[in-house]
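This is model-v3.json (JSON, C-alpha atoms).
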[["chain", "number", "residue", "atom", "x", "y", "z"],
["A", 282, "MET", "CA", 114.88, 137.71, 109.40],
["A", 283, "ALA", "CA", 115.20, 135.25, 106.50],
["A", 284, "ASP", "CA", 112.57, 135.22, 103.80],
["A", 285, "SER", "CA", 110.02, 132.45, 104.13],
["A", 286, "ILE", "CA", 110.49, 130.02, 101.23],
["A", 287, "GLY", "CA", 107.56, 128.29, 99.59],
["A", 288, "PHE", "CA", 108.02, 125.17, 97.50],
["A", 289, "ILE", "CA", 105.62, 123.77, 94.91],
["A", 290, "GLY", "CA", 106.41, 120.54, 93.08],
["A", 291, "LEU", "CA", 107.68, 117.85, 95.46],
["A", 292, "GLY", "CA", 108.49, 115.26, 92.80],
["A", 293, "VAL", "CA", 111.66, 113.26, 92.20],
["A", 294, "MET", "CA", 113.74, 116.44, 92.03],
["A", 295, "GLY", "CA", 111.68, 118.85, 94.09],
["A", 296, "ALA", "CA", 111.43, 116.77, 97.24],
["A", 297, "GLY", "CA", 115.21, 116.68, 97.66],
["A", 298, "MET", "CA", 115.56, 120.36, 96.80],
["A", 299, "ALA", "CA", 112.91, 121.35, 99.36],
["A", 300, "LYS", "CA", 114.50, 119.08, 101.97],
["A", 301, "ASN", "CA", 117.77, 120.96, 101.59],
["A", 302, "ILE", "CA", 116.05, 124.33, 101.96],
["A", 303, "ALA", "CA", 114.64, 123.13, 105.29],
["A", 304, "ALA", "CA", 118.04, 121.71, 106.29],
["A", 305, "ALA", "CA", 119.60, 125.13, 105.65],
["A", 306, "GLY", "CA", 117.38, 126.59, 108.36],
["A", 307, "LEU", "CA", 115.21, 128.64, 106.01],
["A", 308, "PRO", "CA", 111.51, 128.86, 106.97],
["A", 309, "LEU", "CA", 109.73, 126.50, 104.54],
["A", 310, "VAL", "CA", 106.12, 126.29, 103.37],
["A", 311, "VAL", "CA", 105.01, 123.48, 101.04],
["A", 312, "THR", "CA", 101.87, 122.16, 99.42],
["A", 313, "THR", "CA", 101.36, 118.55, 98.41],
["A", 314, "SER", "CA", 98.52, 116.11, 97.76],
["A", 315, "SER", "CA", 100.57, 113.27, 99.30],
["A", 316, "PRO", "CA", 99.82, 112.61, 102.99],
["A", 317, "GLU", "CA", 103.18, 110.83, 103.32],
["A", 318, "LYS", "CA", 105.13, 113.79, 101.96],
["A", 319, "ALA", "CA", 103.09, 116.21, 104.05],
["A", 320, "GLU", "CA", 103.96, 114.29, 107.19],
["A", 321, "ALA", "CA", 107.63, 114.04, 106.26],
["A", 322, "PHE", "CA", 107.91, 117.79, 105.70],
["A", 323, "ARG", "CA", 106.03, 118.60, 108.90],
["A", 324, "ALA", "CA", 108.53, 116.40, 110.72],
["A", 325, "ALA", "CA", 111.32, 118.42, 109.08],
["A", 326, "GLY", "CA", 109.83, 121.64, 110.47],
["A", 327, "ALA", "CA", 107.97, 122.86, 107.36],
["A", 328, "THR", "CA", 104.48, 124.32, 107.25],
["A", 329, "VAL", "CA", 102.11, 122.40, 104.98],
["A", 330, "VAL", "CA", 99.21, 124.21, 103.28],
["A", 331, "ALA", "CA", 96.55, 123.14, 100.80],
["A", 332, "THR", "CA", 97.03, 125.34, 97.71],
["A", 333, "PRO", "CA", 99.57, 127.47, 95.85],
["A", 334, "ARG", "CA", 97.57, 130.54, 96.86],
["A", 335, "GLU", "CA", 98.11, 129.65, 100.52],
["A", 336, "VAL", "CA", 101.82, 129.20, 99.83],
["A", 337, "ALA", "CA", 101.89, 132.74, 98.43],
["A", 338, "ALA", "CA", 100.08, 134.04, 101.50],
["A", 339, "ALA", "CA", 102.77, 132.55, 103.75],
["A", 340, "ALA", "CA", 105.99, 132.91, 101.75],
["A", 341, "ASN", "CA", 108.00, 135.81, 100.30],
["A", 342, "ILE", "CA", 109.90, 133.58, 97.86],
["A", 343, "ILE", "CA", 108.43, 130.54, 96.11],
["A", 344, "VAL", "CA", 110.40, 127.82, 94.33],
["A", 345, "THR", "CA", 108.51, 125.90, 91.66],
["A", 346, "CYS", "CA", 109.68, 122.61, 90.16],
["A", 347, "VAL", "CA", 106.92, 121.13, 88.02],
["A", 348, "PRO", "CA", 106.93, 118.95, 84.87],
["A", 349, "ASP", "CA", 106.08, 121.46, 82.15],
["A", 350, "ALA", "CA", 104.74, 124.88, 81.21],
["A", 351, "ASP", "CA", 101.09, 123.79, 81.49],
["A", 352, "ALA", "CA", 101.66, 122.66, 85.06],
["A", 353, "LEU", "CA", 103.44, 125.92, 85.89],
["A", 354, "THR", "CA", 100.65, 127.96, 84.34],
["A", 355, "ALA", "CA", 98.13, 126.11, 86.52],
["A", 356, "VAL", "CA", 100.23, 126.80, 89.62],
["A", 357, "VAL", "CA", 100.46, 130.50, 88.78],
["A", 358, "ALA", "CA", 97.16, 131.33, 87.09],
["A", 359, "GLY", "CA", 94.80, 128.59, 88.28],
["A", 360, "GLU", "CA", 91.77, 129.21, 90.49],
["A", 361, "ASN", "CA", 93.88, 128.80, 93.64],
["A", 362, "GLY", "CA", 97.15, 129.80, 92.02],
["A", 363, "LEU", "CA", 99.85, 132.22, 93.05],
["A", 364, "ALA", "CA", 98.31, 135.04, 91.04],
["A", 365, "ALA", "CA", 94.83, 134.61, 92.55],
["A", 366, "ALA", "CA", 95.59, 137.57, 94.82],
["A", 367, "PRO", "CA", 98.10, 140.43, 94.59],
["A", 368, "TRP", "CA", 101.56, 139.26, 95.70],
["A", 369, "ASP", "CA", 104.87, 141.11, 95.64],
["A", 370, "GLY", "CA", 107.15, 138.12, 96.21],
["A", 371, "LEU", "CA", 109.65, 136.32, 93.99],
["A", 372, "VAL", "CA", 109.17, 133.06, 92.08],
["A", 373, "ILE", "CA", 112.26, 130.93, 91.43],
["A", 374, "ASP", "CA", 111.16, 128.57, 88.69],
["A", 375, "CYS", "CA", 113.32, 125.43, 88.55],
["A", 376, "SER", "CA", 111.11, 123.67, 86.01],
["A", 377, "THR", "CA", 112.41, 123.03, 82.49],
["A", 378, "ILE", "CA", 110.34, 124.99, 79.97],
["A", 379, "ALA", "CA", 111.03, 127.08, 76.88],
["A", 380, "PRO", "CA", 112.49, 130.59, 77.35],
["A", 381, "PHE", "CA", 109.44, 132.21, 75.73],
["A", 382, "GLU", "CA", 107.16, 130.25, 78.08],
["A", 383, "ALA", "CA", 109.15, 131.51, 81.07],
["A", 384, "ARG", "CA", 108.69, 135.10, 79.89],
["A", 385, "GLU", "CA", 104.95, 134.62, 79.34],
["A", 386, "ILE", "CA", 104.40, 133.19, 82.82],
["A", 387, "ALA", "CA", 106.63, 135.86, 84.37],
["A", 388, "ALA", "CA", 104.37, 138.51, 82.84],
["A", 389, "VAL", "CA", 101.38, 137.10, 84.75],
["A", 390, "ILE", "CA", 103.33, 137.18, 88.01],
["A", 391, "GLU", "CA", 104.56, 140.71, 87.34],
["A", 392, "ALA", "CA", 101.02, 141.91, 86.64],
["A", 393, "GLY", "CA", 100.16, 140.99, 90.24],
["A", 394, "GLY", "CA", 103.16, 142.82, 91.67],
["A", 395, "GLY", "CA", 105.64, 139.94, 91.89],
["A", 396, "ALA", "CA", 108.76, 138.93, 89.99],
["A", 397, "MET", "CA", 110.26, 135.74, 88.60],
["A", 398, "ILE", "CA", 113.61, 134.27, 87.69],
["A", 399, "ASP", "CA", 114.16, 131.07, 85.76],
["A", 400, "ALA", "CA", 116.54, 128.62, 87.43],
["A", 401, "PRO", "CA", 116.49, 125.19, 85.77],
["A", 402, "VAL", "CA", 118.78, 122.60, 87.31],
["A", 403, "SER", "CA", 121.12, 119.81, 86.28],
["A", 404, "GLY", "CA", 122.47, 116.99, 88.40],
["A", 405, "GLY", "CA", 119.63, 114.50, 88.64],
["A", 406, "ALA", "CA", 117.88, 113.13, 91.69],
["A", 407, "LYS", "CA", 121.20, 112.49, 93.45],
["A", 408, "GLY", "CA", 122.25, 116.10, 93.01],
["A", 409, "ALA", "CA", 118.84, 117.25, 94.27],
["A", 410, "ASN", "CA", 119.10, 115.06, 97.37],
["A", 411, "ASP", "CA", 122.73, 115.97, 98.05],
["A", 412, "GLY", "CA", 122.28, 119.71, 97.42],
["A", 413, "THR", "CA", 124.93, 119.66, 94.69],
["A", 414, "LEU", "CA", 122.89, 120.75, 91.68],
["A", 415, "THR", "CA", 124.14, 123.02, 88.94],
["A", 416, "ILE", "CA", 121.61, 125.86, 88.61],
["A", 417, "MET", "CA", 121.40, 128.04, 85.50],
["A", 418, "VAL", "CA", 119.74, 131.33, 86.39],
["A", 419, "GLY", "CA", 118.14, 133.98, 84.21],
["A", 420, "GLY", "CA", 116.74, 137.19, 85.65],
["A", 421, "ALA", "CA", 117.38, 140.70, 86.98],
["A", 422, "ASP", "CA", 120.42, 141.18, 89.20],
["A", 423, "GLY", "CA", 118.41, 142.22, 92.26],
["A", 424, "ASP", "CA", 116.03, 139.28, 91.98],
["A", 425, "VAL", "CA", 118.91, 136.81, 91.62],
["A", 426, "ALA", "CA", 120.64, 138.33, 94.67],
["A", 427, "ARG", "CA", 117.43, 137.94, 96.69],
["A", 428, "ALA", "CA", 117.14, 134.30, 95.58],
["A", 429, "ARG", "CA", 120.74, 133.40, 96.54],
["A", 430, "PRO", "CA", 120.04, 131.83, 99.97],
["A", 431, "ALA", "CA", 117.48, 129.44, 98.49],
["A", 432, "LEU", "CA", 119.61, 128.70, 95.42],
["A", 433, "GLU", "CA", 122.68, 127.98, 97.53],
["A", 434, "ALA", "CA", 120.69, 125.59, 99.71],
["A", 435, "MET", "CA", 119.77, 123.57, 96.62],
["A", 436, "GLY", "CA", 122.95, 123.69, 94.56],
["A", 437, "LYS", "CA", 126.70, 124.06, 94.60],
["A", 438, "ALA", "CA", 127.25, 125.71, 91.20],
["A", 439, "ILE", "CA", 125.00, 128.76, 90.81],
["A", 440, "HIS", "CA", 125.45, 130.50, 87.45],
["A", 441, "HIS", "CA", 123.68, 133.78, 86.60],
["A", 442, "VAL", "CA", 123.78, 133.51, 82.82],
["A", 443, "GLY", "CA", 121.70, 136.45, 81.63],
["A", 444, "PRO", "CA", 118.19, 137.96, 81.63],
["A", 445, "LEU", "CA", 114.95, 136.09, 82.22],
["A", 446, "GLY", "CA", 114.83, 133.08, 79.90],
["A", 447, "ALA", "CA", 118.59, 132.66, 79.62],
["A", 448, "GLY", "CA", 118.64, 129.88, 82.19],
["A", 449, "GLN", "CA", 116.10, 127.91, 80.18],
["A", 450, "ALA", "CA", 118.09, 128.42, 76.98],
["A", 451, "LEU", "CA", 121.19, 127.01, 78.68],
["A", 452, "LYS", "CA", 119.20, 124.08, 80.09],
["A", 453, "ALA", "CA", 118.08, 123.25, 76.54],
["A", 454, "CYS", "CA", 121.75, 123.19, 75.54],
["A", 455, "ASN", "CA", 122.50, 120.88, 78.47],
["A", 456, "GLN", "CA", 119.73, 118.44, 77.61],
["A", 457, "LEU", "CA", 120.59, 118.17, 73.94],
["A", 458, "MET", "CA", 124.24, 117.47, 74.81],
["A", 459, "VAL", "CA", 123.26, 114.80, 77.35],
["A", 460, "ALA", "CA", 120.91, 113.10, 74.89],
["A", 461, "VAL", "CA", 123.32, 113.13, 71.96],
["A", 462, "ASN", "CA", 126.07, 111.80, 74.22],
["A", 463, "LEU", "CA", 123.66, 109.12, 75.47],
["A", 464, "MET", "CA", 123.04, 107.97, 71.90],
["A", 465, "GLY", "CA", 126.79, 107.53, 71.46],
["A", 466, "ALA", "CA", 127.08, 105.63, 74.73],
["A", 467, "CYS", "CA", 124.23, 103.27, 73.80],
["A", 468, "GLU", "CA", 125.74, 102.59, 70.39],
["A", 469, "ALA", "CA", 129.12, 101.93, 72.02],
["A", 470, "VAL", "CA", 127.56, 99.43, 74.43],
["A", 471, "ALA", "CA", 125.90, 97.64, 71.51],
["A", 472, "LEU", "CA", 129.18, 97.55, 69.57],
["A", 473, "ALA", "CA", 131.18, 96.28, 72.54],
["A", 474, "ARG", "CA", 128.63, 93.58, 73.30],
["A", 475, "SER", "CA", 128.56, 92.38, 69.69],
["A", 476, "ALA", "CA", 132.37, 92.11, 69.74],
["A", 477, "GLY", "CA", 132.32, 90.03, 72.90],
["A", 478, "VAL", "CA", 133.42, 92.79, 75.27],
["A", 479, "ASP", "CA", 131.61, 93.12, 78.60],
["A", 480, "PRO", "CA", 129.82, 96.53, 78.51],
["A", 481, "HIS", "CA", 130.81, 97.09, 82.15],
["A", 482, "VAL", "CA", 134.45, 96.74, 81.16],
["A", 483, "MET", "CA", 133.92, 99.01, 78.14],
["A", 484, "ARG", "CA", 132.41, 101.73, 80.33],
["A", 485, "GLU", "CA", 135.15, 101.52, 82.94],
["A", 486, "VAL", "CA", 137.96, 101.65, 80.38],
["A", 487, "LEU", "CA", 136.50, 104.46, 78.28],
["A", 488, "SER", "CA", 135.87, 106.48, 81.44],
["A", 489, "THR", "CA", 139.65, 106.82, 81.81],
["A", 490, "GLY", "CA", 140.29, 108.29, 78.35],
["A", 491, "ALA", "CA", 139.09, 110.92, 75.90],
["A", 492, "ALA", "CA", 135.57, 109.42, 75.75],
["A", 493, "ARG", "CA", 134.94, 110.04, 79.44],
["A", 494, "SER", "CA", 131.81, 112.02, 80.28],
["A", 495, "GLY", "CA", 129.12, 112.45, 82.87],
["A", 496, "VAL", "CA", 126.81, 110.43, 80.63],
["A", 497, "LEU", "CA", 129.25, 107.52, 80.47],
["A", 498, "GLU", "CA", 129.80, 107.76, 84.21],
["A", 499, "MET", "CA", 126.15, 107.89, 85.27],
["A", 500, "HIS", "CA", 123.61, 107.21, 82.51],
["A", 501, "ALA", "CA", 125.48, 104.39, 80.80],
["A", 502, "LYS", "CA", 126.09, 102.80, 84.20],
["A", 503, "ARG", "CA", 122.36, 102.79, 84.91],
["A", 504, "TYR", "CA", 121.76, 101.10, 81.57],
["A", 505, "VAL", "CA", 124.39, 98.36, 81.83],
["A", 506, "ASP", "CA", 123.52, 97.76, 85.50],
["A", 507, "LYS", "CA", 119.81, 97.48, 84.57],
["A", 508, "ALA", "CA", 119.03, 100.12, 87.19],
["A", 509, "LEU", "CA", 116.41, 102.07, 85.26],
["A", 510, "GLU", "CA", 113.65, 102.51, 87.82],
["A", 511, "GLY", "CA", 113.27, 106.07, 89.08],
["A", 512, "GLY", "CA", 115.71, 108.71, 87.91],
["A", 513, "PHE", "CA", 114.93, 111.26, 85.20],
["A", 514, "ARG", "CA", 112.14, 109.71, 83.16],
["A", 515, "ALA", "CA", 112.51, 109.19, 79.42],
["A", 516, "GLU", "CA", 109.23, 111.04, 78.83],
["A", 517, "LEU", "CA", 110.68, 114.12, 80.53],
["A", 518, "MET", "CA", 113.83, 113.95, 78.41],
["A", 519, "ARG", "CA", 111.60, 113.70, 75.34],
["A", 520, "LYS", "CA", 109.80, 116.84, 76.50],
["A", 521, "ASP", "CA", 113.09, 118.66, 77.10],
["A", 522, "LEU", "CA", 114.44, 117.71, 73.67],
["A", 523, "GLY", "CA", 111.22, 119.03, 72.15],
["A", 524, "ILE", "CA", 111.97, 122.33, 73.90],
["A", 525, "ALA", "CA", 115.53, 122.35, 72.53],
["A", 526, "ALA", "CA", 114.21, 121.67, 69.02],
["A", 527, "ALA", "CA", 111.58, 124.40, 69.35],
["A", 528, "VAL", "CA", 114.12, 126.96, 70.60],
["A", 529, "GLY", "CA", 116.44, 126.11, 67.71],
["A", 530, "SER", "CA", 113.62, 126.40, 65.22],
["A", 531, "HIS", "CA", 112.63, 129.77, 66.66],
["A", 532, "GLU", "CA", 116.22, 130.95, 66.25],
["A", 533, "HIS", "CA", 116.52, 129.41, 62.74],
["A", 534, "ARG", "CA", 119.32, 127.07, 63.83],
["A", 535, "THR", "CA", 120.32, 123.88, 62.01],
["A", 536, "GLN", "CA", 120.31, 121.09, 64.60],
["A", 537, "PRO", "CA", 120.30, 117.59, 63.11],
["A", 538, "ALA", "CA", 121.69, 115.97, 66.27],
["A", 539, "THR", "CA", 119.00, 117.52, 68.47],
["A", 540, "ASN", "CA", 116.23, 116.42, 66.13],
["A", 541, "LEU", "CA", 117.58, 112.88, 65.87],
["A", 542, "ALA", "CA", 117.93, 112.62, 69.66],
["A", 543, "HIS", "CA", 114.34, 113.84, 70.03],
["A", 544, "GLN", "CA", 113.10, 111.23, 67.57],
["A", 545, "MET", "CA", 115.09, 108.45, 69.28],
["A", 546, "MET", "CA", 113.80, 109.38, 72.73],
["A", 547, "THR", "CA", 110.27, 109.55, 71.32],
["A", 548, "ALA", "CA", 110.75, 106.05, 69.90],
["A", 549, "ALA", "CA", 111.99, 104.82, 73.29],
["A", 550, "CYS", "CA", 108.89, 106.23, 74.96],
["A", 551, "ASN", "CA", 106.63, 104.70, 72.31],
["A", 552, "ALA", "CA", 108.35, 101.35, 72.86],
["A", 553, "GLY", "CA", 107.13, 101.32, 76.46],
["A", 554, "PHE", "CA", 110.08, 102.88, 78.28],
["A", 555, "ALA", "CA", 108.58, 106.31, 79.01],
["A", 556, "LYS", "CA", 108.42, 105.86, 82.79],
["A", 557, "LEU", "CA", 111.97, 104.50, 83.09],
["A", 558, "ASP", "CA", 115.12, 106.58, 83.45],
["A", 559, "SER", "CA", 116.17, 108.24, 80.20],
["A", 560, "ALA", "CA", 119.07, 105.77, 80.01],
["A", 561, "ALA", "CA", 116.37, 103.31, 78.90],
["A", 562, "LEU", "CA", 117.23, 104.64, 75.46],
["A", 563, "GLY", "CA", 119.66, 101.71, 75.56],
["A", 564, "LEU", "CA", 116.71, 99.33, 75.60],
["A", 565, "LEU", "CA", 115.57, 100.80, 72.30],
["A", 566, "TYR", "CA", 118.98, 100.00, 70.83],
["A", 567, "ASP", "CA", 118.61, 96.47, 72.18],
["A", 568, "LEU", "CA", 115.27, 96.15, 70.42],
["A", 569, "MET", "CA", 116.68, 97.45, 67.16],
["A", 570, "ASN", "CA", 119.62, 95.04, 67.45],
["A", 571, "GLY", "CA", 117.42, 92.02, 68.14],
["A", 572, "GLU", "CA", 118.64, 91.55, 71.71],
["A", 573, "PRO", "CA", 116.33, 89.34, 73.83],
["A", 574, "GLN", "CA", 114.35, 91.60, 76.14],
["A", 575, "GLU", "CA", 115.00, 89.41, 79.16],
["A", 576, "ASP", "CA", 118.68, 90.28, 78.72],
["A", 577, "ALA", "CA", 118.08, 94.00, 78.24],
["A", 578, "ALA", "CA", 115.31, 94.95, 80.64]]

Show me the file's structure as structure tokens.
Amino acid sequence: MADSIGFIGLGVMGAGMAKNIAAAGLPLVVTTSSPEKAEAFRAAGATVVATPREVAAAANIIVTCVPDADALTAVVAGENGLAAAPWDGLVIDCSTIAPFEAREIAAVIEAGGGAMIDAPVSGGAKGANDGTLTIMVGGADGDVARARPALEAMGKAIHHVGPLGAGQALKACNQLMVAVNLMGACEAVALARSAGVDPHVMREVLSTGAARSGVLEMHAKRYVDKALEGGFRAELMRKDLGIAAAVGSHEHRTQPATNLAHQMMTAACNAGFAKLDSAALGLLYDLMNGEPQEDAA
């Protein structure tokens, strides 16, 4: 019989990921404060319970996908958290946190008899909905093997990259590369526009040559199409870049590009774009270049 899968964190990413677990025929248990989401998951065949502790009572494996380490700590160690009672299951944490935070939270779970792997994801809301995420996994071989059915329901490229924390380290690398590339794309849009070239044309042409990238294909398109509602919020990218900077500092790495990207994303958030997709970094460039906001927003 398949393990029952719990899911905690039905946000922009998590809702699609949990939907695909249910679609794969795996028994699913969720908790949510949203009556609409609760009804939708009941209709999909999931069991809905009130607290993380109740998820742990009903599920052998629990996937978490929450905004930050504080939220994950509350899910695990809160009054009605996963660790409120002894539990010998497995947590698959798909949040994006620092490697040392993953190890600290794993220690709490292990003290109660359970185990944890870190499995941050890349691919955005579309990848979460389509079940095509890239998942970077850190953890013991046996735990990763046990997690495979759930991971394969959520993603198409499952990479076991090392021990616990390694997945988070690789996710930090991913986020810093996306953000630095996004700065280049935003500057290129500004340059093209100033030279009288339609940014849509610029993006299409450069996507056929050496400058092509996932950022140019997806993020820059969202910016030039003014499609910035939803998506991966700028405030979350700011948080992730802070993690990348902290990991680099801990490892005594020189990382000027990471630190500049973090500062630029912080400025974009401070300029009022925190709740928009991270491609709203382009709006910050518009502000700095004196572009009328009615043309940029």

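For the choices A:Val478, A:Met545, A:Lys300, A:Ala305, the atom-to-atom distance to A:Ala324 is smallest for A:Lys300 when using all atoms listed in the file.
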
What are the closest atom pairs, with distances in Å to one decimal, for each residue of stretch 516-566 of chain A lying within 8 Å of stretch 457-468 of chain A, using all atoms listed in the file, rows by chain and rising residue number, as JSON lines?
{"residue": "A:Met518", "atom": "CA", "partner": "A:Ala460", "partner_atom": "CA", "distance": 8.0}
{"residue": "A:Leu522", "atom": "CA", "partner": "A:Leu457", "partner_atom": "CA", "distance": 6.2}
{"residue": "A:Ala525", "atom": "CA", "partner": "A:Leu457", "partner_atom": "CA", "distance": 6.7}
{"residue": "A:Ala538", "atom": "CA", "partner": "A:Val461", "partner_atom": "CA", "distance": 6.6}
{"residue": "A:Thr539", "atom": "CA", "partner": "A:Leu457", "partner_atom": "CA", "distance": 5.7}
{"residue": "A:Ala542", "atom": "CA", "partner": "A:Val461", "partner_atom": "CA", "distance": 5.9}
{"residue": "A:Ala560", "atom": "CA", "partner": "A:Leu463", "partner_atom": "CA", "distance": 7.3}
{"residue": "A:Leu562", "atom": "CA", "partner": "A:Cys467", "partner_atom": "CA", "distance": 7.3}
{"residue": "A:Gly563", "atom": "CA", "partner": "A:Cys467", "partner_atom": "CA", "distance": 5.1}
{"residue": "A:Tyr566", "atom": "CA", "partner": "A:Cys467", "partner_atom": "CA", "distance": 6.9}

Write out as a JSON list (two decimals) with C-alpha atoms, keeping the file's coordinate frame which residues come within 12 Å of A:Ala515 when counting only C-alpha atoms, dropping same-chain ones fewer than 2 positions away.
[["chain", "number", "residue", "atom", "x", "y", "z"],
["A", 456, "GLN", "CA", 119.73, 118.44, 77.61],
["A", 460, "ALA", "CA", 120.91, 113.10, 74.89],
["A", 463, "LEU", "CA", 123.66, 109.12, 75.47],
["A", 500, "HIS", "CA", 123.61, 107.21, 82.51],
["A", 509, "LEU", "CA", 116.41, 102.07, 85.26],
["A", 510, "GLU", "CA", 113.65, 102.51, 87.82],
["A", 511, "GLY", "CA", 113.27, 106.07, 89.08],
["A", 512, "GLY", "CA", 115.71, 108.71, 87.91],
["A", 513, "PHE", "CA", 114.93, 111.26, 85.20],
["A", 517, "LEU", "CA", 110.68, 114.12, 80.53],
["A", 518, "MET", "CA", 113.83, 113.95, 78.41],
["A", 519, "ARG", "CA", 111.60, 113.70, 75.34],
["A", 520, "LYS", "CA", 109.80, 116.84, 76.50],
["A", 521, "ASP", "CA", 113.09, 118.66, 77.10],
["A", 522, "LEU", "CA", 114.44, 117.71, 73.67],
["A", 542, "ALA", "CA", 117.93, 112.62, 69.66],
["A", 543, "HIS", "CA", 114.34, 113.84, 70.03],
["A", 545, "MET", "CA", 115.09, 108.45, 69.28],
["A", 546, "MET", "CA", 113.80, 109.38, 72.73],
["A", 547, "THR", "CA", 110.27, 109.55, 71.32],
["A", 548, "ALA", "CA", 110.75, 106.05, 69.90],
["A", 549, "ALA", "CA", 111.99, 104.82, 73.29],
["A", 550, "CYS", "CA", 108.89, 106.23, 74.96],
["A", 551, "ASN", "CA", 106.63, 104.70, 72.31],
["A", 552, "ALA", "CA", 108.35, 101.35, 72.86],
["A", 553, "GLY", "CA", 107.13, 101.32, 76.46],
["A", 554, "PHE", "CA", 110.08, 102.88, 78.28],
["A", 555, "ALA", "CA", 108.58, 106.31, 79.01],
["A", 556, "LYS", "CA", 108.42, 105.86, 82.79],
["A", 557, "LEU", "CA", 111.97, 104.50, 83.09],
["A", 558, "ASP", "CA", 115.12, 106.58, 83.45],
["A", 559, "SER", "CA", 116.17, 108.24, 80.20],
["A", 560, "ALA", "CA", 119.07, 105.77, 80.01],
["A", 561, "ALA", "CA", 116.37, 103.31, 78.90],
["A", 562, "LEU", "CA", 117.23, 104.64, 75.46],
["A", 563, "GLY", "CA", 119.66, 101.71, 75.56],
["A", 564, "LEU", "CA", 116.71, 99.33, 75.60],
["A", 565, "LEU", "CA", 115.57, 100.80, 72.30]]

task = May I have the protein, DNA and RNA residues with an atom at most 7 Å from (92.8, 127.1, 94.0), counting only C-alpha atoms in the file's coordinates, returned as a ChimeraX atom specification?
result = /A:332,334,359-362

Pick from A:Val356, A:Cys346, A:Ile386, A:Met397 nearest to A:Pro444, counting only C-alpha atoms = A:Met397

ask   = With only C-alpha atoms as the basis for distance, which of A:Ala355, A:Leu371, A:Lys452, A:Ile378 is at the shortest distance from A:Ala426?
value =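 That would be A:Leu371, the residue with the smallest distance to A:Ala426.
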
message = Let me make sure I understand: among A:Gly420, A:Pro537, A:Pro348, A:Pro316, which one has the smallest atom-to-atom distance to A:Gly292 if we use all atoms listed in the file?
response =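 Looking at the shortest contact to A:Gly292, the residue is A:Pro348.
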
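If you measure from each of A:Asp567, A:Glu485, A:Asp399, A:Glu391 to A:Val425 using only C-alpha atoms, the closest one turns out to be A:Asp399.
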
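Straight-line separation from atom CA of A:Ala406 to atom CA of A:Gly295: 8.8 Å.
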
ask   = So, counting all atoms listed in the file, which residue among A:Gln574, A:Thr535, A:Asn455, A:Thr345 is closest to A:Gly404?
value =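 For A:Gly404, the nearest of the candidates is A:Asn455.
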
key: For atom CA of A:Ala387 and atom CA of A:Gly448, the interatomic separation in Å (one decimal)   =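 Result for atom CA of A:Ala387 versus atom CA of A:Gly448: 13.6 Å, one decimal.
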
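Computed from the coordinates, the atom CA of A:Val486 to atom CA of A:Arg503 distance equals 16.3 Å.
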
Surrounding residues of A:Asp374 excluding itself and chain neighbours under 6 positions, 12 Å, all atoms listed in the file, as a VMD selection string = chain A and resid 287 to 290 295 342 to 350 352 to 354 356 to 357 380 382 to 384 386 to 387 390 396 to 402 416 to 420 425 428 431 to 432 445 to 446 448 to 449

Complete stretch 310-320 of chain A at the level of N, CA and C atoms, written as a PDB file, in the frame of the given file.
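Dumped to part-v1.pdb:
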ATOM      1  N   VAL A 310     107.550 126.553 103.508  1.00  0.00           N
ATOM      2  CA  VAL A 310     106.120 126.290 103.370  1.00  0.00           C
ATOM      3  C   VAL A 310     105.932 125.465 102.111  1.00  0.00           C
ATOM      4  N   VAL A 311     105.221 124.334 102.208  1.00  0.00           N
ATOM      5  CA  VAL A 311     105.010 123.480 101.040  1.00  0.00           C
ATOM      6  C   VAL A 311     103.535 123.167 100.872  1.00  0.00           C
ATOM      7  N   THR A 312     103.186 122.716  99.670  1.00  0.00           N
ATOM      8  CA  THR A 312     101.870 122.160  99.420  1.00  0.00           C
ATOM      9  C   THR A 312     102.048 120.842  98.676  1.00  0.00           C
ATOM     10  N   THR A 313     101.271 119.858  99.041  1.00  0.00           N
ATOM     11  CA  THR A 313     101.360 118.550  98.410  1.00  0.00           C
ATOM     12  C   THR A 313     100.047 117.805  98.603  1.00  0.00           C
ATOM     13  N   SER A 314      99.713 116.957  97.639  1.00  0.00           N
ATOM     14  CA  SER A 314      98.520 116.110  97.760  1.00  0.00           C
ATOM     15  C   SER A 314      98.859 114.774  98.402  1.00  0.00           C
ATOM     16  N   SER A 315     100.126 114.544  98.718  1.00  0.00           N
ATOM     17  CA  SER A 315     100.570 113.270  99.300  1.00  0.00           C
ATOM     18  C   SER A 315     100.600 113.364 100.822  1.00  0.00           C
ATOM     19  N   PRO A 316      99.777 112.584 101.518  1.00  0.00           N
ATOM     20  CA  PRO A 316      99.820 112.610 102.990  1.00  0.00           C
ATOM     21  C   PRO A 316     101.191 112.213 103.538  1.00  0.00           C
ATOM     22  N   GLU A 317     101.862 111.268 102.857  1.00  0.00           N
ATOM     23  CA  GLU A 317     103.180 110.830 103.320  1.00  0.00           C
ATOM     24  C   GLU A 317     104.198 111.959 103.228  1.00  0.00           C
ATOM     25  N   LYS A 318     104.191 112.677 102.098  1.00  0.00           N
ATOM     26  CA  LYS A 318     105.130 113.790 101.960  1.00  0.00           C
ATOM     27  C   LYS A 318     104.788 114.918 102.927  1.00  0.00           C
ATOM     28  N   ALA A 319     103.497 115.169 103.115  1.00  0.00           N
ATOM     29  CA  ALA A 319     103.090 116.210 104.050  1.00  0.00           C
ATOM     30  C   ALA A 319     103.619 115.910 105.441  1.00  0.00           C
ATOM     31  N   GLU A 320     103.488 114.667 105.870  1.00  0.00           N
ATOM     32  CA  GLU A 320     103.960 114.290 107.190  1.00  0.00           C
ATOM     33  C   GLU A 320     105.471 114.405 107.302  1.00  0.00           C
TER      34      GLU A 320
END
